[in-house]
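*Asks:* Structure file data03.pdb (PDB, C-alpha atoms and all ligand atoms) is given on the next line.
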ATOM      1  CA  MET S   1       4.183 -16.417 -13.434
ATOM      2  CA  PRO S   2       4.842 -18.612 -10.381
ATOM      3  CA  LEU S   3       6.564 -17.401  -7.250
ATOM      4  CA  PRO S   4      10.352 -17.383  -7.317
ATOM      5  CA  GLU S   5      11.359 -20.270  -5.070
ATOM      6  CA  GLU S   6      14.189 -18.404  -3.387
ATOM      7  CA  LEU S   7      11.628 -15.955  -2.021
ATOM      8  CA  LEU S   8      10.764 -18.417   0.731
ATOM      9  CA  GLU S   9      14.345 -19.212   1.684
ATOM     10  CA  GLN S  10      14.860 -16.340   4.107
ATOM     11  CA  PRO S  11      12.758 -14.939   6.945
ATOM     12  CA  LEU S  12      10.639 -12.175   5.477
ATOM     13  CA  ARG S  13       9.495  -9.022   7.232
ATOM     14  CA  THR S  14       6.132  -8.206   5.716
ATOM     15  CA  ARG S  15       3.625  -5.529   6.539
ATOM     16  CA  PHE S  16      -0.045  -4.735   6.339
ATOM     17  CA  ALA S  17      -0.771  -1.017   6.282
ATOM     18  CA  PRO S  18      -4.485  -0.272   6.433
ATOM     19  CA  THR S  19      -5.932   3.223   6.143
ATOM     20  CA  PRO S  20      -8.570   3.766   8.834
ATOM     21  CA  SER S  21     -11.219   5.081   6.449
ATOM     22  CA  GLY S  22     -13.718   2.290   7.019
ATOM     23  CA  ASP S  23     -14.142  -1.330   7.965
ATOM     24  CA  LEU S  24     -11.777  -4.051   6.793
ATOM     25  CA  HIS S  25     -13.125  -5.631   3.612
ATOM     26  CA  LEU S  26     -12.125  -8.772   1.765
ATOM     27  CA  GLY S  27      -9.664  -6.891  -0.442
ATOM     28  CA  GLY S  28      -7.818  -5.825   2.691
ATOM     29  CA  VAL S  29      -8.085  -9.339   4.079
ATOM     30  CA  SER S  30      -6.453 -10.804   0.959
ATOM     31  CA  VAL S  31      -3.503  -8.432   1.336
ATOM     32  CA  ALA S  32      -3.238  -9.025   5.086
ATOM     33  CA  LEU S  33      -3.503 -12.784   4.656
ATOM     34  CA  VAL S  34      -0.794 -13.050   1.990
ATOM     35  CA  SER S  35       1.534 -10.778   3.985
ATOM     36  CA  TRP S  36       0.911 -12.815   7.125
ATOM     37  CA  LEU S  37       1.421 -16.108   5.281
ATOM     38  CA  PHE S  38       4.803 -15.063   3.893
ATOM     39  CA  ALA S  39       5.955 -13.988   7.342
ATOM     40  CA  ARG S  40       4.734 -17.194   8.970
ATOM     41  CA  ALA S  41       5.923 -19.517   6.178
ATOM     42  CA  THR S  42       9.460 -18.127   6.380
ATOM     43  CA  GLY S  43       9.745 -17.595  10.129
ATOM     44  CA  GLY S  44       9.777 -13.865   9.509
ATOM     45  CA  ARG S  45       7.836 -11.061  11.150
ATOM     46  CA  PHE S  46       4.445  -9.605  10.343
ATOM     47  CA  ILE S  47       4.114  -5.869  10.913
ATOM     48  CA  VAL S  48       0.925  -3.851  11.114
ATOM     49  CA  ARG S  49       1.282  -0.164  10.388
ATOM     50  CA  VAL S  50      -1.656   2.220  10.440
ATOM     51  CA  ASP S  51      -1.569   4.626   7.503
ATOM     52  CA  ASP S  52      -3.547   7.356   9.232
ATOM     53  CA  LEU S  53      -1.791  10.428   7.833
ATOM     54  CA  ASP S  54      -4.884  11.735   6.156
ATOM     55  CA  ALA S  55      -7.103  12.900   8.999
ATOM     56  CA  VAL S  56      -9.746  13.934   6.478
ATOM     57  CA  ARG S  57     -10.312  10.373   5.364
ATOM     58  CA  ALA S  58      -9.898   8.767   8.763
ATOM     59  CA  ILE S  59     -13.071   7.662  10.514
ATOM     60  CA  PRO S  60     -13.032   7.710  14.335
ATOM     61  CA  GLY S  61     -12.850   4.200  15.740
ATOM     62  CA  ALA S  62     -11.944   2.641  12.384
ATOM     63  CA  THR S  63      -8.422   1.712  13.494
ATOM     64  CA  ASP S  64      -9.691  -0.229  16.491
ATOM     65  CA  ARG S  65     -12.295  -2.018  14.387
ATOM     66  CA  ILE S  66      -9.712  -3.028  11.764
ATOM     67  CA  LEU S  67      -7.285  -4.287  14.423
ATOM     68  CA  GLU S  68     -10.079  -6.171  16.149
ATOM     69  CA  ASP S  69     -11.062  -7.805  12.834
ATOM     70  CA  LEU S  70      -7.437  -8.855  12.234
ATOM     71  CA  ARG S  71      -7.288 -10.394  15.695
ATOM     72  CA  TRP S  72     -10.600 -12.145  15.104
ATOM     73  CA  LEU S  73      -9.224 -13.541  11.836
ATOM     74  CA  GLY S  74      -6.200 -14.861  13.728
ATOM     75  CA  LEU S  75      -3.772 -12.764  11.683
ATOM     76  CA  ASP S  76      -1.584 -11.946  14.669
ATOM     77  CA  TRP S  77       1.205  -9.446  14.286
ATOM     78  CA  ASP S  78       4.687  -9.306  15.791
ATOM     79  CA  GLU S  79       5.197  -5.567  15.541
ATOM     80  CA  GLY S  80       2.555  -2.887  15.461
ATOM     81  CA  PRO S  81      -0.170  -1.411  17.651
ATOM     82  CA  GLY S  82      -0.414  -3.199  20.972
ATOM     83  CA  PRO S  83       2.211  -5.921  21.127
ATOM     84  CA  VAL S  84       5.603  -4.461  20.352
ATOM     85  CA  GLU S  85       7.002  -1.272  19.072
ATOM     86  CA  SER S  86      10.434  -2.468  17.998
ATOM     87  CA  ALA S  87      13.374  -0.176  17.455
ATOM     88  CA  GLU S  88      13.064  -0.721  13.728
ATOM     89  CA  LEU S  89       9.400   0.066  13.751
ATOM     90  CA  GLY S  90       9.101   3.166  15.924
ATOM     91  CA  SER S  91       5.494   4.252  16.184
ATOM     92  CA  PRO S  92       3.248   2.071  14.024
ATOM     93  CA  PHE S  93       1.000   5.084  13.423
ATOM     94  CA  GLN S  94       2.019   7.256  10.491
ATOM     95  CA  SER S  95       0.346  10.235  12.152
ATOM     96  CA  LYS S  96       3.087  10.022  14.812
ATOM     97  CA  ARG S  97       5.988   9.760  12.375
ATOM     98  CA  SER S  98       5.964  13.282  10.926
ATOM     99  CA  GLU S  99       9.449  14.060  12.233
ATOM    100  CA  LEU S 100      10.867  11.239  10.153
ATOM    101  CA  TYR S 101       9.067  12.485   7.050
ATOM    102  CA  ALA S 102      10.266  16.040   7.709
ATOM    103  CA  ARG S 103      13.865  14.795   7.934
ATOM    104  CA  SER S 104      13.387  12.844   4.704
ATOM    105  CA  LEU S 105      12.042  15.928   2.993
ATOM    106  CA  ASP S 106      15.116  17.879   4.149
ATOM    107  CA  GLU S 107      17.325  15.144   2.786
ATOM    108  CA  LEU S 108      15.490  15.303  -0.549
ATOM    109  CA  ARG S 109      16.052  19.068  -0.616
ATOM    110  CA  ARG S 110      19.772  18.355  -0.430
ATOM    111  CA  VAL S 111      19.870  15.820  -3.251
ATOM    112  CA  THR S 112      17.255  17.154  -5.635
ATOM    113  CA  ARG S 113      14.953  20.114  -6.223
ATOM    114  CA  ILE S 114      11.663  20.643  -4.449
ATOM    115  CA  TYR S 115       9.309  23.488  -5.259
ATOM    116  CA  PRO S 116       6.027  24.967  -4.074
ATOM    117  CA  CYS S 117       2.844  24.741  -6.106
ATOM    118  CA  ASP S 118      -0.640  26.146  -5.542
ATOM    119  CA  CYS S 119      -2.310  24.774  -8.649
ATOM    120  CA  SER S 120      -5.768  23.349  -8.048
ATOM    121  CA  ARG S 121      -6.841  20.032  -9.484
ATOM    122  CA  ALA S 122      -9.041  21.879 -11.964
ATOM    123  CA  GLU S 123      -6.144  24.055 -13.084
ATOM    124  CA  ILE S 124      -3.906  21.045 -13.567
ATOM    125  CA  ALA S 125      -6.611  19.175 -15.489
ATOM    126  CA  ARG S 126      -7.102  22.185 -17.753
ATOM    127  CA  VAL S 127      -3.430  22.371 -18.690
ATOM    128  CA  ALA S 128      -2.636  18.658 -18.738
ATOM    129  CA  ALA S 129      -3.357  16.378 -21.637
ATOM    130  CA  ALA S 130      -6.513  14.339 -21.005
ATOM    131  CA  PRO S 131      -5.446  11.177 -19.191
ATOM    132  CA  HIS S 132      -6.000   7.779 -20.763
ATOM    133  CA  PRO S 133      -8.568   5.651 -18.957
ATOM    134  CA  GLY S 134      -7.172   4.339 -15.695
ATOM    135  CA  GLU S 135      -4.256   6.754 -15.725
ATOM    136  CA  GLU S 136      -3.621   9.774 -13.605
ATOM    137  CA  THR S 137      -3.721  13.351 -14.724
ATOM    138  CA  VAL S 138      -0.126  14.230 -15.466
ATOM    139  CA  TYR S 139       1.121  17.304 -13.653
ATOM    140  CA  PRO S 140       2.611  19.415 -16.446
ATOM    141  CA  GLY S 141       5.329  21.105 -14.371
ATOM    142  CA  THR S 142       3.572  24.470 -14.256
ATOM    143  CA  CYS S 143       5.363  25.756 -11.143
ATOM    144  CA  ARG S 144       8.728  24.107 -11.622
ATOM    145  CA  ARG S 145      10.550  27.433 -11.655
ATOM    146  CA  ARG S 146       9.169  28.541  -8.318
ATOM    147  CA  VAL S 147      11.457  28.561  -5.314
ATOM    148  CA  GLU S 148      10.551  27.715  -1.715
ATOM    149  CA  GLN S 149      10.251  30.800   0.507
ATOM    150  CA  LYS S 150      11.207  30.312   4.130
ATOM    151  CA  ASP S 151       8.690  32.861   5.430
ATOM    152  CA  ALA S 152       5.908  32.252   2.943
ATOM    153  CA  LYS S 153       2.606  33.723   4.162
ATOM    154  CA  ARG S 154       0.543  30.797   3.031
ATOM    155  CA  SER S 155       1.618  27.230   2.699
ATOM    156  CA  SER S 156       1.803  25.573  -0.658
ATOM    157  CA  SER S 157       2.051  21.954  -1.589
ATOM    158  CA  LEU S 158       5.594  20.800  -2.300
ATOM    159  CA  ARG S 159       6.481  18.887  -5.452
ATOM    160  CA  ILE S 160       9.606  17.081  -6.522
ATOM    161  CA  ASP S 161      11.324  18.188  -9.708
ATOM    162  CA  LEU S 162      11.672  15.141 -11.921
ATOM    163  CA  SER S 163      13.295  16.819 -14.893
ATOM    164  CA  GLY S 164      15.950  14.566 -16.343
ATOM    165  CA  VAL S 165      14.737  11.485 -14.475
ATOM    166  CA  ALA S 166      14.943   8.430 -16.706
ATOM    167  CA  PRO S 167      12.161   5.833 -16.977
ATOM    168  CA  LEU S 168      12.357   3.532 -14.021
ATOM    169  CA  GLU S 169      12.075  -0.224 -14.044
ATOM    170  CA  VAL S 170      10.500  -1.963 -11.058
ATOM    171  CA  ARG S 171      10.132  -5.629 -10.306
ATOM    172  CA  ASP S 172       7.119  -7.437  -8.957
ATOM    173  CA  VAL S 173       7.766 -10.966  -7.714
ATOM    174  CA  LEU S 174       4.710 -12.249  -9.591
ATOM    175  CA  ARG S 175       4.467  -9.979 -12.594
ATOM    176  CA  GLY S 176       8.118  -9.456 -13.387
ATOM    177  CA  THR S 177       9.474  -6.098 -14.452
ATOM    178  CA  SER S 178       7.553  -3.094 -15.658
ATOM    179  CA  LYS S 179       8.766   0.290 -16.707
ATOM    180  CA  GLN S 180       7.310   3.687 -15.981
ATOM    181  CA  ASP S 181       8.387   7.107 -17.160
ATOM    182  CA  ILE S 182       7.355   8.907 -13.987
ATOM    183  CA  LEU S 183       8.017  12.313 -15.490
ATOM    184  CA  LYS S 184       5.794  11.684 -18.514
ATOM    185  CA  GLN S 185       3.175   9.419 -16.952
ATOM    186  CA  VAL S 186       2.748  11.101 -13.568
ATOM    187  CA  GLY S 187       4.720  14.342 -13.544
ATOM    188  CA  ASP S 188       6.356  16.082 -10.591
ATOM    189  CA  PHE S 189       4.404  14.570  -7.732
ATOM    190  CA  VAL S 190       3.464  15.983  -4.346
ATOM    191  CA  LEU S 191       5.646  15.274  -1.306
ATOM    192  CA  ARG S 192       3.714  17.393   1.164
ATOM    193  CA  ARG S 193       0.266  18.829   0.758
ATOM    194  CA  ALA S 194      -0.607  22.474   1.379
ATOM    195  CA  ASP S 195      -2.240  21.472   4.679
ATOM    196  CA  GLY S 196       1.109  20.072   5.850
ATOM    197  CA  VAL S 197       0.215  16.399   5.457
ATOM    198  CA  TYR S 198       3.042  14.338   3.968
ATOM    199  CA  SER S 199       2.077  12.454   0.851
ATOM    200  CA  TYR S 200       1.307   8.781   0.725
ATOM    201  CA  GLN S 201       4.230   8.340  -1.672
ATOM    202  CA  LEU S 202       6.800   9.883   0.654
ATOM    203  CA  ALA S 203       5.513   8.307   3.869
ATOM    204  CA  THR S 204       5.201   4.840   2.368
ATOM    205  CA  ALA S 205       8.560   4.917   0.601
ATOM    206  CA  VAL S 206      10.317   5.961   3.806
ATOM    207  CA  ASP S 207       8.421   3.679   6.194
ATOM    208  CA  ASP S 208       8.754   0.518   4.142
ATOM    209  CA  ALA S 209      12.501   1.134   3.965
ATOM    210  CA  VAL S 210      13.205   2.148   7.557
ATOM    211  CA  MET S 211      10.977  -0.624   8.916
ATOM    212  CA  ASN S 212      13.174  -3.033   6.966
ATOM    213  CA  VAL S 213      10.219  -4.515   5.142
ATOM    214  CA  ASP S 214      11.450  -7.250   2.807
ATOM    215  CA  LEU S 215       8.240  -7.851   0.913
ATOM    216  CA  VAL S 216       5.452  -5.335   0.336
ATOM    217  CA  VAL S 217       2.180  -7.049  -0.502
ATOM    218  CA  ARG S 218      -0.610  -4.770  -1.691
ATOM    219  CA  GLY S 219      -3.386  -4.397  -4.238
ATOM    220  CA  ASP S 220      -2.478  -3.850  -7.863
ATOM    221  CA  ASP S 221      -4.330  -0.541  -7.805
ATOM    222  CA  LEU S 222      -1.061   0.659  -6.249
ATOM    223  CA  LEU S 223       1.213  -0.814  -8.916
ATOM    224  CA  GLY S 224       1.555   2.596 -10.572
ATOM    225  CA  SER S 225       2.784   4.126  -7.292
ATOM    226  CA  THR S 226       5.718   1.779  -6.941
ATOM    227  CA  PRO S 227       8.123   3.590  -9.294
ATOM    228  CA  ARG S 228       7.565   6.852  -7.388
ATOM    229  CA  GLN S 229       8.357   5.136  -4.112
ATOM    230  CA  VAL S 230      11.418   3.380  -5.507
ATOM    231  CA  HIS S 231      12.621   6.682  -6.954
ATOM    232  CA  LEU S 232      12.351   8.342  -3.521
ATOM    233  CA  GLN S 233      14.112   5.413  -1.825
ATOM    234  CA  ARG S 234      17.009   5.682  -4.255
ATOM    235  CA  LEU S 235      17.316   9.439  -3.776
ATOM    236  CA  LEU S 236      17.304   8.951  -0.012
ATOM    237  CA  GLY S 237      19.821   6.122  -0.163
ATOM    238  CA  LEU S 238      17.286   3.735   1.392
ATOM    239  CA  ARG S 239      16.772   0.088   0.632
ATOM    240  CA  THR S 240      13.955  -0.943  -1.676
ATOM    241  CA  PRO S 241      11.779  -3.879  -0.630
ATOM    242  CA  ARG S 242      10.437  -6.473  -2.996
ATOM    243  CA  TYR S 243       6.884  -5.968  -4.181
ATOM    244  CA  LEU S 244       3.985  -8.301  -4.755
ATOM    245  CA  HIS S 245       0.821  -6.736  -6.130
ATOM    246  CA  LEU S 246      -2.343  -8.768  -5.814
ATOM    247  CA  PRO S 247      -5.288  -8.440  -8.161
ATOM    248  CA  VAL S 248      -8.133  -6.506  -6.572
ATOM    249  CA  ILE S 249     -11.353  -8.230  -5.612
ATOM    250  CA  LEU S 250     -14.544  -7.019  -7.212
ATOM    251  CA  GLY S 251     -17.860  -6.963  -5.382
ATOM    252  CA  PRO S 252     -21.041  -8.645  -6.635
ATOM    253  CA  ASN S 253     -21.763  -5.576  -8.804
ATOM    254  CA  ASN S 254     -18.297  -5.854 -10.411
ATOM    255  CA  GLN S 255     -17.232  -2.651  -8.702
ATOM    256  CA  ARG S 256     -14.067  -2.335  -6.669
ATOM    257  CA  LEU S 257     -14.674  -2.925  -2.995
ATOM    258  CA  ALA S 258     -14.537   0.529  -1.523
ATOM    259  CA  LYS S 259     -14.396   1.083   2.176
ATOM    260  CA  ARG S 260     -17.224   3.571   2.045
ATOM    261  CA  ASN S 261     -19.257   1.572  -0.371
ATOM    262  CA  GLY S 262     -22.283   0.297   1.526
ATOM    263  CA  ASP S 263     -22.331  -3.107  -0.120
ATOM    264  CA  SER S 264     -18.661  -3.774   0.569
ATOM    265  CA  LEU S 265     -17.916  -7.297   1.619
ATOM    266  CA  THR S 266     -16.553  -6.436   5.017
ATOM    267  CA  VAL S 267     -15.312  -8.760   7.725
ATOM    268  CA  ARG S 268     -18.084  -7.325   9.921
ATOM    269  CA  TYR S 269     -20.648  -8.422   7.357
ATOM    270  CA  PHE S 270     -19.422 -12.019   7.547
ATOM    271  CA  ARG S 271     -19.161 -11.875  11.319
ATOM    272  CA  GLY S 272     -22.762 -10.700  11.380
ATOM    273  CA  LEU S 273     -23.745 -13.763   9.361
ATOM    274  CA  GLY S 274     -22.114 -15.966  11.993
ATOM    275  CA  ALA S 275     -19.164 -17.017   9.814
ATOM    276  CA  ALA S 276     -16.046 -18.482  11.440
ATOM    277  CA  PRO S 277     -12.642 -16.840  10.889
ATOM    278  CA  ARG S 278     -11.340 -19.777   8.881
ATOM    279  CA  GLU S 279     -14.378 -19.569   6.585
ATOM    280  CA  VAL S 280     -13.595 -15.953   5.748
ATOM    281  CA  LEU S 281      -9.881 -16.679   5.275
ATOM    282  CA  THR S 282     -10.550 -19.708   3.100
ATOM    283  CA  LEU S 283     -13.011 -17.747   0.963
ATOM    284  CA  VAL S 284     -10.218 -15.256   0.288
ATOM    285  CA  ALA S 285      -7.535 -17.940  -0.090
ATOM    286  CA  HIS S 286      -9.719 -19.768  -2.583
ATOM    287  CA  GLY S 287     -10.229 -16.576  -4.595
ATOM    288  CA  LEU S 288      -6.445 -16.136  -4.605
ATOM    289  CA  ARG S 289      -6.012 -19.786  -5.642
ATOM    290  CA  ILE S 290      -3.956 -20.579  -2.570
ATOM    291  CA  VAL S 291      -6.376 -23.457  -1.970
ATOM    292  CA  ASP S 292      -8.247 -25.383  -4.641
ATOM    293  CA  SER S 293     -11.426 -25.946  -2.709
ATOM    294  CA  PRO S 294     -13.636 -23.569  -0.729
ATOM    295  CA  ALA S 295     -13.819 -26.090   2.133
ATOM    296  CA  PRO S 296     -12.504 -24.246   5.226
ATOM    297  CA  VAL S 297      -8.913 -24.998   6.217
ATOM    298  CA  THR S 298      -6.816 -24.029   9.228
ATOM    299  CA  HIS S 299      -4.241 -21.251   9.408
ATOM    300  CA  GLU S 300      -1.488 -23.873   9.577
ATOM    301  CA  GLU S 301      -2.750 -25.539   6.400
ATOM    302  CA  LEU S 302      -2.682 -22.190   4.630
ATOM    303  CA  VAL S 303       0.909 -21.645   5.771
ATOM    304  CA  GLN S 304       1.836 -25.107   4.472
ATOM    305  CA  ARG S 305       0.156 -24.353   1.158
ATOM    306  CA  ILE S 306       2.175 -21.177   0.635
ATOM    307  CA  ARG S 307       5.351 -23.012   1.574
ATOM    308  CA  ARG S 308       4.809 -25.804  -0.930
ATOM    309  CA  LEU S 309       2.890 -24.072  -3.648
ATOM    310  CA  ARG S 310       3.961 -22.981  -7.056
ATOM    311  CA  TRP S 311       1.413 -20.284  -6.453
ATOM    312  CA  GLU S 312      -0.167 -18.368  -9.288
ATOM    313  CA  PRO S 313      -2.853 -15.947  -8.153
ATOM    314  CA  PRO S 314      -5.424 -14.672 -10.634
ATOM    315  CA  ALA S 315      -3.866 -12.244 -13.085
ATOM    316  CA  LYS S 316      -6.737  -9.789 -13.132
ATOM    317  CA  ALA S 317      -9.420  -8.373 -10.881
ATOM    318  CA  TYR S 318     -11.836 -11.089  -9.875
ATOM    319  CA  THR S 319     -15.204 -11.468  -8.224
ATOM    320  CA  LEU S 320     -15.641 -13.096  -4.880
ATOM    321  CA  GLY S 321     -18.408 -13.448  -2.416
ATOM    322  CA  PRO S 322     -21.696 -15.095  -1.751
ATOM    323  CA  ARG S 323     -23.788 -15.834  -4.794
ATOM    324  CA  ARG S 324     -27.229 -14.387  -4.453
TER     325      ARG S 324
HETATM  326 ZN    ZN S 401       1.447  24.914  -9.449
END
Please, can you express the file's structure as structure tokens?

*Replies:*
Amino acid sequence: MPLPEELLEQPLRTRFAPTPSGDLHLGGVSVALVSWLFARATGGRFIVRVDDLDAVRAIPGATDRILEDLRWLGLDWDEGPGPVESAELGSPFQSKRSELYARSLDELRRVTRIYPCDCSRAEIARVAAAPHPGEETVYPGTCRRRVEQKDAKRSSSLRIDLSGVAPLEVRDVLRGTSKQDILKQVGDFVLRRADGVYSYQLATAVDDAVMNVDLVVRGDDLLGSTPRQVHLQRLLGLRTPRYLHLPVILGPNNQRLAKRNGDSLTVRYFRGLGAAPREVLTLVAHGLRIVDSPAPVTHEELVQRIRRLRWEPPAKAYTLGPRR
């Protein structure tokens, strides 16, 4: 399915939101590049937000290395760490935005039901039906009747009550519409973990809306999260951005590129080989079929390609990288 032409008719605010759990790899570069290209091709703004809520997964120094790799690649940002913290943006670090998430949680308490849950993963897996391959374990609503206690001795995770929520249809600019019954396919999901960390779903739904992001570009491993985020945006009366999910890149062993996976194709790996930024970007752009040939092109040529192209990226996960 080619890109809708009207997509490029207005300046787009796009964002790249890396998690500092390791070095930037080519999967991240493909997302950053496409986001950057849509901002540049439309005269919009490219935002970098650091999704560092989960201190457990964060690796010290990873944020700086990712930002340095983006700068090296020439994917400059208009709002984010360093240059500007616009009024719309606020802090570009999710770890500094907890007040906003707390207010959003309060707002959700007003419009729907939230309840505490102490079930462990093992307990949930025992009660839930076995998930189909590639699907999540569905939370069966075990604790739905519990009520939040103001002076609870221990903290519990907080879940949203989805009872009565109808299947939700979301649109992807490349893939068209898809429907998910969040209640049946995911179950009441977590808004805040027992350790007080706000969930990815809540933080992302709120940030993308309040940062006035027009187009969210991300990997299609997150496609299944979109209905949850849209549901939260609707409950909170926030705007919903448009979404574009890119196929994930597979490494030489046909495994997903994981940040902690030693053989990840990272930007640092290519830098170590003496590659030029445009070589790395073109490698990714070629994999995404933005350019037809792997011969390195300039940033401006890539912008022109996106502007003119009836672009159709690969439909499924694909392999990229040096042949050995
Ligand atoms: Zn529970």

*Asks:* Please evaluate the PyMOL selection byres (((chain S and resi 105-119) around 6) and not hetatm) against the structure above and give the resulting residues as a ChimeraX atom specification.

*Replies:* /S:102-104,120,123,143,146-148,156-161

*Asks:* Please produce an output containing C-alpha atoms for each residue in the selection, written as an mmCIF file, in the frame of the given file.

*Replies:*
data_model
loop_
_atom_site.group_PDB
_atom_site.id
_atom_site.type_symbol
_atom_site.label_atom_id
_atom_site.label_comp_id
_atom_site.auth_asym_id
_atom_site.auth_seq_id
_atom_site.Cartn_x
_atom_site.Cartn_y
_atom_site.Cartn_z
ATOM 1 C CA ALA S 102 10.266 16.040 7.709
ATOM 2 C CA ARG S 103 13.865 14.795 7.934
ATOM 3 C CA SER S 104 13.387 12.844 4.704
ATOM 4 C CA SER S 120 -5.768 23.349 -8.048
ATOM 5 C CA GLU S 123 -6.144 24.055 -13.084
ATOM 6 C CA CYS S 143 5.363 25.756 -11.143
ATOM 7 C CA ARG S 146 9.169 28.541 -8.318
ATOM 8 C CA VAL S 147 11.457 28.561 -5.314
ATOM 9 C CA GLU S 148 10.551 27.715 -1.715
ATOM 10 C CA SER S 156 1.803 25.573 -0.658
ATOM 11 C CA SER S 157 2.051 21.954 -1.589
ATOM 12 C CA LEU S 158 5.594 20.800 -2.300
ATOM 13 C CA ARG S 159 6.481 18.887 -5.452
ATOM 14 C CA ILE S 160 9.606 17.081 -6.522
ATOM 15 C CA ASP S 161 11.324 18.188 -9.708
#

*Asks:* When the PyMOL selection byres (((chain S and resi 186) around 9) and not hetatm) is applied to the file above, which residues end up in the set, as JSON, numbers by chain?

*Replies:* {"S": [135, 136, 137, 138, 139, 140, 181, 182, 183, 184, 185, 187, 188, 189, 228]}

*Asks:* Can you spell out as a ChimeraX atom specification the set of residues that the PyMOL selection byres (((chain S and resi 301) around 12) and not hetatm) selects in the structure I just provided?

*Replies:* /S:37,40-41,278,281-282,285,290-291,295-300,302-309

*Asks:* Using all atoms listed in the file, find the one residue out of S:Leu73, S:Leu215, S:Leu202, S:Ile249 that sits nearest to Ser98 in chain S.

*Replies:* S:Leu202

*Asks:* When distances are computed from only C-alpha atoms, which of S:Arg97, S:Arg45, S:Arg239, S:His25 shows the smallest separation from Gln10 in chain S?

*Replies:* S:Arg45

*Asks:* Can you pull out the residues contacting Gln180 in chain S? Cut-off 8 Å, using all atoms listed in the file, and skip same-chain residues under 4 positions away; I want them as JSON, numbers by chain.

*Replies:* {"S": [167, 168, 169, 185, 224, 227]}

*Asks:* For range 179-183 of chain S, what centre and edge lengths in Å (one decimal) does the axis-aligned box get once 5 Å is added on each side of all its listed atoms, as JSON?

*Replies:*
{"center_x": 8.0, "center_y": 6.3, "center_z": -15.6, "size_x": 11.5, "size_y": 22.0, "size_z": 13.2}

*Asks:* Please indicate the distance in Å from CA of Ser178 in chain S to CA of Val206 in chain S, rounded to one decimal place.

*Replies:*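 Pair CA of Ser178 in chain S / CA of Val206 in chain S returns 21.6 Å.
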
*Asks:* Using Å and a single decimal, report how far CA of Val280 in chain S sits from CA of Leu26 in chain S.

*Replies:*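 Between CA of Leu26 in chain S and CA of Val280 in chain S the gap is 8.3 Å.
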
*Asks:* Pick out the closest residue to ligand ZN 401 (chain S) from this set: S:Val190, S:Leu250, S:Val284, S:Ala203. Count all atoms listed in the file.

*Replies:*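 Under the stated criterion, the closest residue is S:Val190.
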
*Asks:* Which residue, S:Ser163, S:Ala194, S:Glu279, S:Val170, has the smallest gap to ligand ZN 401 (chain S) when you use all atoms listed in the file?

*Replies:* S:Ala194

*Asks:* When you count all atoms listed in the file, which of these residues is closest to Val34 in chain S: S:Leu12, S:Ala275, S:Asp64, S:Thr19?

*Replies:*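 Ranking S:Leu12, S:Ala275, S:Asp64, S:Thr19 by distance to Val34 in chain S, first place goes to S:Leu12.
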
*Asks:* Find the residue from S:Asp69, S:Thr142, S:Gly272, S:Thr240 that sits nearest to ligand ZN 401 (chain S); use all atoms listed in the file when measuring.

*Replies:*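 Smallest distance to ligand ZN 401 (chain S) is found for S:Thr142.
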
*Asks:* Measure the distance from CA of Arg310 in chain S to CA of Val217 in chain S in Å and round it to one decimal.

*Replies:*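 Answer for the CA of Arg310 in chain S to CA of Val217 in chain S separation: 17.3 Å.
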
*Asks:* Would you mind completing range 231-240 of chain S so that it carries N, CA and C atoms, and writing it out as an mmCIF file, keeping the file's coordinate frame?

*Replies:*
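Output contents, as saved in result-v8.cif:
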data_model
loop_
_atom_site.group_PDB
_atom_site.id
_atom_site.type_symbol
_atom_site.label_atom_id
_atom_site.label_comp_id
_atom_site.auth_asym_id
_atom_site.auth_seq_id
_atom_site.Cartn_x
_atom_site.Cartn_y
_atom_site.Cartn_z
ATOM 1 N N HIS S 231 11.826 5.493 -6.617
ATOM 2 C CA HIS S 231 12.621 6.682 -6.954
ATOM 3 C C HIS S 231 13.016 7.436 -5.680
ATOM 4 N N LEU S 232 12.058 7.637 -4.773
ATOM 5 C CA LEU S 232 12.351 8.342 -3.521
ATOM 6 C C LEU S 232 13.348 7.557 -2.669
ATOM 7 N N GLN S 233 13.173 6.230 -2.618
ATOM 8 C CA GLN S 233 14.112 5.413 -1.825
ATOM 9 C C GLN S 233 15.531 5.542 -2.369
ATOM 10 N N ARG S 234 15.657 5.561 -3.674
ATOM 11 C CA ARG S 234 17.009 5.682 -4.255
ATOM 12 C C ARG S 234 17.618 7.043 -3.947
ATOM 13 N N LEU S 235 16.799 8.103 -4.073
ATOM 14 C CA LEU S 235 17.316 9.439 -3.776
ATOM 15 C C LEU S 235 17.749 9.541 -2.315
ATOM 16 N N LEU S 236 17.016 8.866 -1.446
ATOM 17 C CA LEU S 236 17.304 8.951 -0.012
ATOM 18 C C LEU S 236 18.343 7.933 0.433
ATOM 19 N N GLY S 237 18.829 7.131 -0.512
ATOM 20 C CA GLY S 237 19.821 6.122 -0.163
ATOM 21 C C GLY S 237 19.244 5.018 0.718
ATOM 22 N N LEU S 238 17.941 4.766 0.579
ATOM 23 C CA LEU S 238 17.286 3.735 1.392
ATOM 24 C C LEU S 238 17.163 2.448 0.592
ATOM 25 N N ARG S 239 16.956 1.354 1.321
ATOM 26 C CA ARG S 239 16.772 0.088 0.632
ATOM 27 C C ARG S 239 15.363 0.025 0.027
ATOM 28 N N THR S 240 15.253 -0.735 -1.037
ATOM 29 C CA THR S 240 13.955 -0.943 -1.676
ATOM 30 C C THR S 240 13.500 -2.367 -1.398
#
